[in-house]
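Reproduced below: my_file24.csv, with CSV, C-alpha atoms.
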chain,number,residue,atom,x,y,z
A,1,MET,CA,6.9,-20.4,19.8
A,2,ASP,CA,3.3,-19.7,19.2
A,3,LEU,CA,3.6,-20.4,15.5
A,4,GLN,CA,5.2,-23.7,16.1
A,5,HIS,CA,2.6,-24.6,18.7
A,6,PHE,CA,-0.2,-24.1,16.2
A,7,GLY,CA,1.8,-25.6,13.3
A,8,LEU,CA,1.9,-22.4,11.3
A,9,ARG,CA,4.4,-21.3,8.7
A,10,HIS,CA,3.8,-17.6,9.3
A,11,PRO,CA,1.4,-15.4,11.3
A,12,PRO,CA,-2.1,-15.3,9.7
A,13,LEU,CA,-2.7,-12.0,8.0
A,14,GLY,CA,1.0,-11.2,8.6
A,15,LYS,CA,3.5,-9.5,6.3
A,16,GLU,CA,5.0,-12.8,5.3
A,17,ALA,CA,1.8,-13.9,3.5
A,18,THR,CA,2.5,-14.5,-0.2
A,19,GLU,CA,-1.1,-15.1,-1.2
A,20,LEU,CA,-3.7,-12.5,-0.3
A,21,TRP,CA,-7.4,-13.2,-0.1
A,22,ASP,CA,-9.4,-11.7,-2.9
A,23,ASP,CA,-13.1,-11.7,-3.8
A,24,GLY,CA,-12.7,-9.1,-6.5
A,25,ALA,CA,-11.3,-6.0,-4.8
A,26,LEU,CA,-7.7,-6.9,-5.5
A,27,ALA,CA,-8.5,-8.0,-9.0
A,28,GLN,CA,-9.9,-4.5,-9.6
A,29,LEU,CA,-6.7,-2.9,-8.3
A,30,ASP,CA,-4.6,-5.3,-10.4
A,31,GLU,CA,-6.4,-4.3,-13.5
A,32,ARG,CA,-5.8,-0.6,-13.0
A,33,PHE,CA,-2.3,-1.2,-11.8
A,34,GLN,CA,-1.4,-3.1,-15.0
A,35,TRP,CA,-3.1,-0.4,-17.1
A,36,LEU,CA,-0.9,2.3,-15.6
A,37,LEU,CA,2.2,0.2,-16.5
A,38,HIS,CA,1.2,0.1,-20.1
A,39,SER,CA,-0.2,3.7,-20.2
A,40,PRO,CA,1.9,5.6,-17.7
A,41,GLY,CA,0.2,8.1,-15.5
A,42,VAL,CA,-1.0,8.8,-12.0
A,43,GLY,CA,-3.0,6.4,-9.7
A,44,LEU,CA,-4.7,7.0,-6.4
A,45,LEU,CA,-5.2,4.2,-3.9
A,46,THR,CA,-7.0,5.0,-0.7
A,47,GLY,CA,-8.2,3.1,2.3
A,48,ASP,CA,-8.2,3.0,6.1
A,49,ALA,CA,-5.0,2.1,7.9
A,50,GLY,CA,-4.7,-1.6,8.1
A,51,VAL,CA,-6.9,-2.4,5.2
A,52,GLY,CA,-4.1,-3.9,3.1
A,53,LYS,CA,-3.1,-1.2,0.6
A,54,THR,CA,0.7,-1.6,1.0
A,55,ALA,CA,0.5,-5.4,1.1
A,56,ALA,CA,-1.5,-5.5,-2.1
A,57,LEU,CA,1.0,-3.2,-3.9
A,58,ARG,CA,3.9,-5.2,-2.5
A,59,LEU,CA,2.5,-8.3,-4.0
A,60,LEU,CA,1.8,-6.6,-7.4
A,61,THR,CA,5.3,-5.1,-7.7
A,62,ALA,CA,7.0,-8.3,-6.7
A,63,LYS,CA,5.9,-9.8,-10.0
A,64,LEU,CA,7.4,-7.0,-12.2
A,65,ASN,CA,10.3,-7.5,-14.5
A,66,PRO,CA,13.2,-5.4,-13.2
A,67,HIS,CA,14.5,-5.0,-16.7
A,68,ARG,CA,11.3,-3.1,-17.7
A,69,TYR,CA,10.3,-1.4,-14.5
A,70,GLN,CA,12.2,0.4,-11.7
A,71,VAL,CA,10.0,0.3,-8.5
A,72,ILE,CA,10.6,3.1,-6.1
A,73,TYR,CA,8.8,3.0,-2.8
A,74,HIS,CA,8.7,5.9,-0.4
A,75,ALA,CA,6.7,6.0,2.8
A,76,GLU,CA,8.6,8.9,4.4
A,77,THR,CA,6.4,11.6,3.1
A,78,ASP,CA,6.1,14.0,6.0
A,79,PHE,CA,8.9,16.3,4.7
A,80,GLY,CA,9.3,19.3,2.5
A,81,ARG,CA,8.8,19.0,-1.2
A,82,LEU,CA,12.6,19.4,-1.9
A,83,ASP,CA,13.3,16.4,0.4
A,84,ILE,CA,10.7,14.3,-1.5
A,85,TYR,CA,12.4,15.0,-4.8
A,86,ARG,CA,15.8,14.4,-3.3
A,87,CYS,CA,14.6,11.0,-2.1
A,88,LEU,CA,13.5,10.2,-5.6
A,89,ALA,CA,16.9,11.3,-7.0
A,90,LEU,CA,18.7,9.1,-4.6
A,91,SER,CA,16.5,6.1,-5.5
A,92,LEU,CA,17.3,6.7,-9.1
A,93,GLY,CA,21.1,6.7,-8.3
A,94,LEU,CA,21.5,10.5,-8.8
A,95,PRO,CA,23.4,13.0,-6.7
A,96,PRO,CA,20.6,15.0,-5.1
A,97,SER,CA,21.0,18.7,-5.7
A,98,TYR,CA,19.9,21.2,-3.1
A,99,ARG,CA,18.4,23.5,-5.8
A,100,ARG,CA,15.0,22.4,-6.9
A,101,ALA,CA,15.4,23.6,-10.5
A,102,GLN,CA,18.6,21.6,-10.9
A,103,LEU,CA,17.1,18.6,-9.1
A,104,TRP,CA,14.1,18.5,-11.5
A,105,ARG,CA,16.3,18.8,-14.5
A,106,ASP,CA,18.6,16.0,-13.3
A,107,ILE,CA,15.7,13.7,-12.5
A,108,LYS,CA,13.7,14.3,-15.6
A,109,ALA,CA,16.8,13.9,-17.8
A,110,HIS,CA,17.5,10.6,-16.2
A,111,ILE,CA,13.9,9.5,-16.7
A,112,HIS,CA,14.2,10.4,-20.4
A,113,GLN,CA,17.3,8.3,-20.5
A,114,LEU,CA,15.6,5.3,-18.9
A,115,ALA,CA,12.8,5.5,-21.4
A,116,ASP,CA,14.7,6.1,-24.6
A,117,GLY,CA,17.9,4.3,-23.8
A,118,LYS,CA,16.8,1.3,-21.7
A,119,GLN,CA,13.0,1.1,-22.2
A,120,ILE,CA,12.6,1.2,-18.4
A,121,LEU,CA,9.5,2.8,-16.7
A,122,PRO,CA,10.0,4.2,-13.2
A,123,LEU,CA,7.1,3.2,-10.9
A,124,TRP,CA,7.0,5.6,-8.0
A,125,ILE,CA,4.8,4.6,-5.0
A,126,LEU,CA,4.3,7.4,-2.5
A,127,ASP,CA,2.8,5.8,0.6
A,128,GLU,CA,1.2,7.8,3.4
A,129,ALA,CA,0.6,10.4,0.8
A,130,GLN,CA,-1.9,12.3,2.9
A,131,ASN,CA,1.2,13.7,4.7
A,132,LEU,CA,2.8,15.2,1.6
A,133,PRO,CA,3.1,19.0,1.7
A,134,PRO,CA,0.5,21.1,-0.1
A,135,GLU,CA,3.2,22.7,-2.4
A,136,PHE,CA,4.2,19.2,-3.6
A,137,PHE,CA,0.6,18.6,-4.8
A,138,ARG,CA,0.5,22.0,-6.5
A,139,ASP,CA,3.7,21.7,-8.5
A,140,PHE,CA,3.8,18.0,-9.2
A,141,PRO,CA,1.8,18.3,-12.5
A,142,ALA,CA,4.6,20.6,-13.8
A,143,PHE,CA,7.2,17.9,-12.8
A,144,LEU,CA,5.2,15.4,-14.9
A,145,ASN,CA,5.4,17.6,-18.0
A,146,PHE,CA,7.8,15.9,-20.4
A,147,ALA,CA,8.6,17.1,-24.0
A,148,PHE,CA,6.0,19.8,-24.1
A,149,ASP,CA,3.6,17.5,-22.2
A,150,SER,CA,3.6,15.1,-25.1
A,151,ARG,CA,5.0,12.0,-23.3
A,152,ASP,CA,4.2,10.1,-20.1
A,153,LEU,CA,7.4,8.6,-18.8
A,154,ILE,CA,6.7,7.7,-15.2
A,155,THR,CA,3.9,6.0,-13.3
A,156,VAL,CA,3.1,7.3,-9.9
A,157,TRP,CA,0.7,5.9,-7.2
A,158,PHE,CA,-0.4,8.1,-4.4
A,159,VAL,CA,-1.4,5.8,-1.5
A,160,GLY,CA,-3.1,7.0,1.7
A,161,HIS,CA,-6.0,7.6,3.9
A,162,PRO,CA,-9.5,8.2,2.3
A,163,LEU,CA,-9.1,11.9,3.2
A,164,LEU,CA,-6.4,12.1,0.6
A,165,ALA,CA,-9.0,11.8,-2.2
A,166,GLN,CA,-10.9,14.7,-0.7
A,167,THR,CA,-7.8,16.8,-0.4
A,168,LEU,CA,-7.0,16.3,-4.0
A,169,GLU,CA,-10.4,17.5,-5.0
A,170,ARG,CA,-9.7,21.0,-3.7
A,171,ALA,CA,-9.3,23.8,-6.2
A,172,PRO,CA,-5.5,24.4,-5.7
A,173,TYR,CA,-4.9,20.8,-6.8
A,174,ALA,CA,-7.2,20.7,-9.8
A,175,ALA,CA,-4.3,20.2,-12.2
A,176,LEU,CA,-3.1,17.1,-10.3
A,177,ALA,CA,-6.6,15.7,-9.9
A,178,GLY,CA,-7.1,16.0,-13.7
A,179,ARG,CA,-4.0,13.8,-14.2
A,180,ILE,CA,-5.3,10.9,-12.0
A,181,GLN,CA,-6.2,8.1,-14.4
A,182,ALA,CA,-7.0,5.4,-11.9
A,183,ARG,CA,-8.8,5.6,-8.6
A,184,VAL,CA,-9.2,2.6,-6.2
A,185,GLN,CA,-10.5,2.6,-2.7
A,186,MET,CA,-10.0,-0.5,-0.6
A,187,ARG,CA,-12.6,-1.0,2.1
A,188,PRO,CA,-12.7,-3.0,5.3
A,189,VAL,CA,-14.2,-6.5,5.1
A,190,ILE,CA,-17.1,-5.8,7.4
A,191,GLU,CA,-19.7,-8.3,6.0
A,192,ARG,CA,-19.8,-11.5,8.1
A,193,GLU,CA,-19.6,-14.0,5.3
A,194,ARG,CA,-16.8,-12.2,3.6
A,195,PHE,CA,-14.9,-11.7,6.9
A,196,ALA,CA,-15.2,-15.5,7.6
A,197,GLN,CA,-13.8,-16.2,4.1
A,198,LEU,CA,-10.9,-13.8,4.8
A,199,ILE,CA,-10.0,-15.5,8.1
A,200,ALA,CA,-10.4,-19.0,6.7
A,201,HIS,CA,-8.1,-18.2,3.8
A,202,ALA,CA,-5.5,-16.5,6.1
A,203,LEU,CA,-5.4,-19.5,8.4
A,204,LYS,CA,-5.2,-22.0,5.6
A,205,SER,CA,-2.4,-20.2,3.8
A,206,ALA,CA,-0.5,-19.9,7.0
A,207,GLY,CA,-0.6,-23.7,7.4
A,208,CYS,CA,-3.4,-24.2,9.9
A,209,SER,CA,-5.1,-27.6,9.5
A,210,HIS,CA,-7.7,-27.4,12.2
A,211,THR,CA,-10.4,-25.1,13.4
A,212,LEU,CA,-9.1,-22.3,15.7
A,213,LEU,CA,-12.2,-20.2,16.1
A,214,ALA,CA,-15.8,-20.8,16.8
A,215,ASP,CA,-18.4,-18.9,14.9
A,216,SER,CA,-18.9,-16.7,18.0
A,217,GLY,CA,-15.1,-16.1,18.0
A,218,LEU,CA,-15.2,-15.0,14.4
A,219,GLU,CA,-17.9,-12.5,15.3
A,220,ILE,CA,-15.9,-11.2,18.2
A,221,LEU,CA,-12.8,-10.8,15.9
A,222,ARG,CA,-14.8,-9.1,13.2
A,223,GLN,CA,-16.3,-6.5,15.5
A,224,ALA,CA,-13.0,-5.8,17.3
A,225,SER,CA,-11.0,-5.5,14.1
A,226,LYS,CA,-13.7,-3.5,12.3
A,227,GLY,CA,-13.0,-5.6,9.3
A,228,LEU,CA,-9.4,-4.5,8.9
A,229,PRO,CA,-7.0,-7.3,8.1
A,230,ARG,CA,-4.0,-5.9,9.9
A,231,HIS,CA,-6.0,-5.4,13.2
A,232,ALA,CA,-7.5,-8.9,12.9
A,233,GLY,CA,-4.0,-10.3,12.4
A,234,ARG,CA,-2.7,-8.6,15.5
A,235,ILE,CA,-5.5,-9.9,17.6
A,236,LEU,CA,-5.0,-13.5,16.3
A,237,ARG,CA,-1.3,-13.4,17.0
A,238,THR,CA,-1.8,-12.0,20.5
A,239,ALA,CA,-4.5,-14.6,21.2
A,240,MET,CA,-2.1,-17.4,20.0
A,241,ARG,CA,0.6,-16.1,22.3
A,242,LEU,CA,-1.8,-16.2,25.2
A,243,ALA,CA,-3.0,-19.7,24.3
A,244,VAL,CA,0.5,-21.4,24.4
A,245,PRO,CA,1.1,-21.3,28.2
A,246,ARG,CA,-2.5,-22.5,28.7
A,247,GLY,CA,-1.8,-25.5,26.4
A,248,LEU,CA,-4.7,-24.7,24.1
A,249,ASN,CA,-4.7,-25.6,20.4
A,250,HIS,CA,-7.7,-23.4,19.7
A,251,LEU,CA,-8.7,-19.8,20.5
A,252,PRO,CA,-11.8,-19.7,22.8
A,253,ASP,CA,-13.9,-16.6,23.0
A,254,ASP,CA,-12.6,-15.5,26.4
A,255,LEU,CA,-9.0,-15.7,25.1
A,256,LEU,CA,-9.9,-13.5,22.2
A,257,GLN,CA,-11.4,-11.0,24.6
A,258,LEU,CA,-8.2,-11.0,26.6
A,259,ALA,CA,-6.1,-10.4,23.5
A,260,ILE,CA,-8.4,-7.5,22.5
A,261,GLU,CA,-8.1,-5.9,25.9
A,262,GLU,CA,-4.3,-6.3,25.9
A,263,LEU,CA,-4.1,-4.5,22.5
A,264,ARG,CA,-6.2,-1.5,23.6
Now, as a test, write the supplied structure out as structure tokens.
Amino acid sequence: MDLQHFGLRHPPLGKEATELWDDGALAQLDERFQWLLHSPGVGLLTGDAGVGKTAALRLLTAKLNPHRYQVIYHAETDFGRLDIYRCLALSLGLPPSYRRAQLWRDIKAHIHQLADGKQILPLWILDEAQNLPPEFFRDFPAFLNFAFDSRDLITVWFVGHPLLAQTLERAPYAALAGRIQARVQMRPVIERERFAQLIAHALKSAGCSHTLLADSGLEILRQASKGLPRHAGRILRTAMRLAVPRGLNHLPDDLLQLAIEELR
């Protein structure tokens, strides 16, 4: 009802958005993303929760040719290493062995077949990667060793909290850190002008044709969301819901404050 009331196609900064705002940060990610498709390897994408990491990757992978790339996305990472590899096997259409040695052989043989028989590159995205078990990080470089370590046949993106980058700098994970070919950190949009541009783009792309927020309201939203798009979107959606029974077609400052209090 709130979307119809404001004449919007979808919630601003919601998951339905098909065009993300970018003043250069996403272009940087796109450049490294494309590079790891042409030169397979390991990428590391970090950022605070709600900054838009998954949304950016969802947009980038949606454009890929399924005849050239097999996208595998896993966010259930708080399991043992065997479970992680079994999830990969299932996504590849393989029966998941309960023996790690056999599981590795099956997966790697299948990846070889994809590369040599079908010219398909698996793209494995491990979201919430800060939850992966330490033993996974330790033995993953061995898993990536194909043909006497002479070929790179899979691209992997580790996606998670900024602490993930610090974790991978520890000595036990040096072998994996040495294989990371692309590092990108997405940061909150905390600058006033950039934040205003983000919100303006989000409202316009959602179909908003009039001004919803005063400058003071933008500042309230910026401070409350800490520059995180997901949080800003939740506040806007809550404020719009509160505005409907009041018959308002804009979001006054006091309504934004009510929405912020409700979400605390």
So that I can check the surroundings of segment 171-187 of chain A, please list as a compact mmCIF listing (two decimals) with C-alpha atoms, in the coordinates of the input every protein, DNA and RNA residue that reaches within 9 Å of it, counting all atoms listed in the file and ignoring chain neighbours fewer than 3 positions away.
# COMPACT_ATOMS: atom_id res chain seq x y z
CA ALA A 25 -11.30 -6.00 -4.80
CA LEU A 26 -7.70 -6.90 -5.50
CA GLN A 28 -9.90 -4.50 -9.60
CA LEU A 29 -6.70 -2.90 -8.30
CA ARG A 32 -5.80 -0.60 -13.00
CA PHE A 33 -2.30 -1.20 -11.80
CA TRP A 35 -3.10 -0.40 -17.10
CA LEU A 36 -0.90 2.30 -15.60
CA GLY A 41 0.20 8.10 -15.50
CA VAL A 42 -1.00 8.80 -12.00
CA GLY A 43 -3.00 6.40 -9.70
CA LEU A 44 -4.70 7.00 -6.40
CA LEU A 45 -5.20 4.20 -3.90
CA THR A 46 -7.00 5.00 -0.70
CA GLY A 47 -8.20 3.10 2.30
CA ASP A 48 -8.20 3.00 6.10
CA VAL A 51 -6.90 -2.40 5.20
CA GLY A 52 -4.10 -3.90 3.10
CA LYS A 53 -3.10 -1.20 0.60
CA PRO A 134 0.50 21.10 -0.10
CA PHE A 137 0.60 18.60 -4.80
CA ARG A 138 0.50 22.00 -6.50
CA ASP A 139 3.70 21.70 -8.50
CA PHE A 140 3.80 18.00 -9.20
CA PRO A 141 1.80 18.30 -12.50
CA PRO A 162 -9.50 8.20 2.30
CA ALA A 165 -9.00 11.80 -2.20
CA THR A 167 -7.80 16.80 -0.40
CA LEU A 168 -7.00 16.30 -4.00
CA ILE A 190 -17.10 -5.80 7.40
CA GLY A 227 -13.00 -5.60 9.30
CA LEU A 228 -9.40 -4.50 8.90
Starting from 8 Å padding per side, set up an axis-aligned box that covers all listed atoms of segment 19-24 of chain A and hand over centre and edge lengths in Å, one decimal, as AutoDock Vina command-line options.
--center_x -7.1 --center_y -12.1 --center_z -3.3 --size_x 28.0 --size_y 22.0 --size_z 22.4
Open item on the list: Excluding Arg58 of chain A and its own-chain neighbours fewer than 4 positions away, which residues fall within 10 Å of it when counting all atoms listed in the file? Please give them as a PyMOL selection string.
Closed with: chain A and resi 15+18+52-54+62-63+73
Store the residues of this selection in a file with C-alpha atoms, as a PDB file, keeping the file's coordinate frame.
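Printed below is part_13.pdb as written:
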ATOM      1  CA  LYS A  15       3.500  -9.500   6.300  1.00  0.00           C
ATOM      2  CA  THR A  18       2.500 -14.500  -0.200  1.00  0.00           C
ATOM      3  CA  GLY A  52      -4.100  -3.900   3.100  1.00  0.00           C
ATOM      4  CA  LYS A  53      -3.100  -1.200   0.600  1.00  0.00           C
ATOM      5  CA  THR A  54       0.700  -1.600   1.000  1.00  0.00           C
ATOM      6  CA  ALA A  62       7.000  -8.300  -6.700  1.00  0.00           C
ATOM      7  CA  LYS A  63       5.900  -9.800 -10.000  1.00  0.00           C
ATOM      8  CA  TYR A  73       8.800   3.000  -2.800  1.00  0.00           C
TER       9      TYR A  73
END
Open item on the list: What's the separation between atom CA of Asn65 of chain A and atom CA of Asp30 of chain A, in Å to one decimal place?
Closed with: 15.6 Å
Open item on the list: Measuring between only C-alpha atoms, which one of A:Val159, A:Ile111, A:Leu20, A:Leu90 shows the shortest distance to Ala55 of chain A?
Closed with: A:Leu20
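Distance check against Ile72 of chain A using all atoms listed in the file: of A:Tyr85, A:Trp124, A:Phe195, A:Phe158, the minimum falls on A:Trp124.
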- [ ] Could you tell me which of A:Gln130, A:His210, A:Ala243, A:Ile260 comes closest to Gln166 of chain A if we count all atoms listed in the file?
- [x]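 Distance minimum relative to Gln166 of chain A lands on A:Gln130.
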Open item on the list: With all atoms listed in the file as the counted atoms, please give the residues lying no more than 8 Å from Ala202 of chain A, apart from itself and same-chain residues fewer than 5 positions off, as a PyMOL selection string.
Closed with: chain A and resi 12-13+20-21
Open item on the list: Just checking: using all atoms listed in the file, which residue out of A:Asp127, A:Ala147, A:Glu191, A:Asp78 ends up closest to Ala109 of chain A?
Closed with: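 When distances to Ala109 of chain A are compared using all atoms listed in the file, the smallest one comes from A:Ala147.
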Open item on the list: Ranking A:Glu31, A:Leu153, A:Ala142, A:Phe148 by minimum distance to Asp116 of chain A and counting only C-alpha atoms, which one comes first?
Closed with: A:Leu153
Open item on the list: Which residue is closest to Thr77 of chain A? Choose from A:Leu126, A:Ala115, A:Leu59, A:Leu121 and count all atoms listed in the file.
Closed with: A:Leu126
Task: Contacts of Arg241 of chain A within 9 Å, only C-alpha atoms, excl. fewer than 5 positions in-chain, as JSON, numbers by chain - done: {"A": [1, 2, 3, 236, 259]}
Residues of the last selection are to be written out with C-alpha atoms, as a compact mmCIF listing (two decimals), in the coordinates of the input.
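Dumped everything to again-v1.txt:
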# COMPACT_ATOMS: atom_id res chain seq x y z
CA MET A 1 6.90 -20.40 19.80
CA ASP A 2 3.30 -19.70 19.20
CA LEU A 3 3.60 -20.40 15.50
CA LEU A 236 -5.00 -13.50 16.30
CA ALA A 259 -6.10 -10.40 23.50
Task: d(atom CA of Gly93 of chain A, atom CA of Gln119 of chain A) in Å - done: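 It comes out at 17.0 Å.
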Open item on the list: If I take atom CA of Lys204 of chain A and atom CA of Ala27 of chain A, how far is one from the other in Å, to one decimal?
Closed with: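 Atom-to-atom, atom CA of Lys204 of chain A and atom CA of Ala27 of chain A are spaced 20.5 Å apart.
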Open item on the list: So that I can check the surroundings of Val71 of chain A, please list as a PyMOL selection string every protein, DNA and RNA residue that reaches within 8 Å of it, counting all atoms listed in the file and ignoring chain neighbours fewer than 5 positions away.
Closed with: chain A and resi 61+122-125
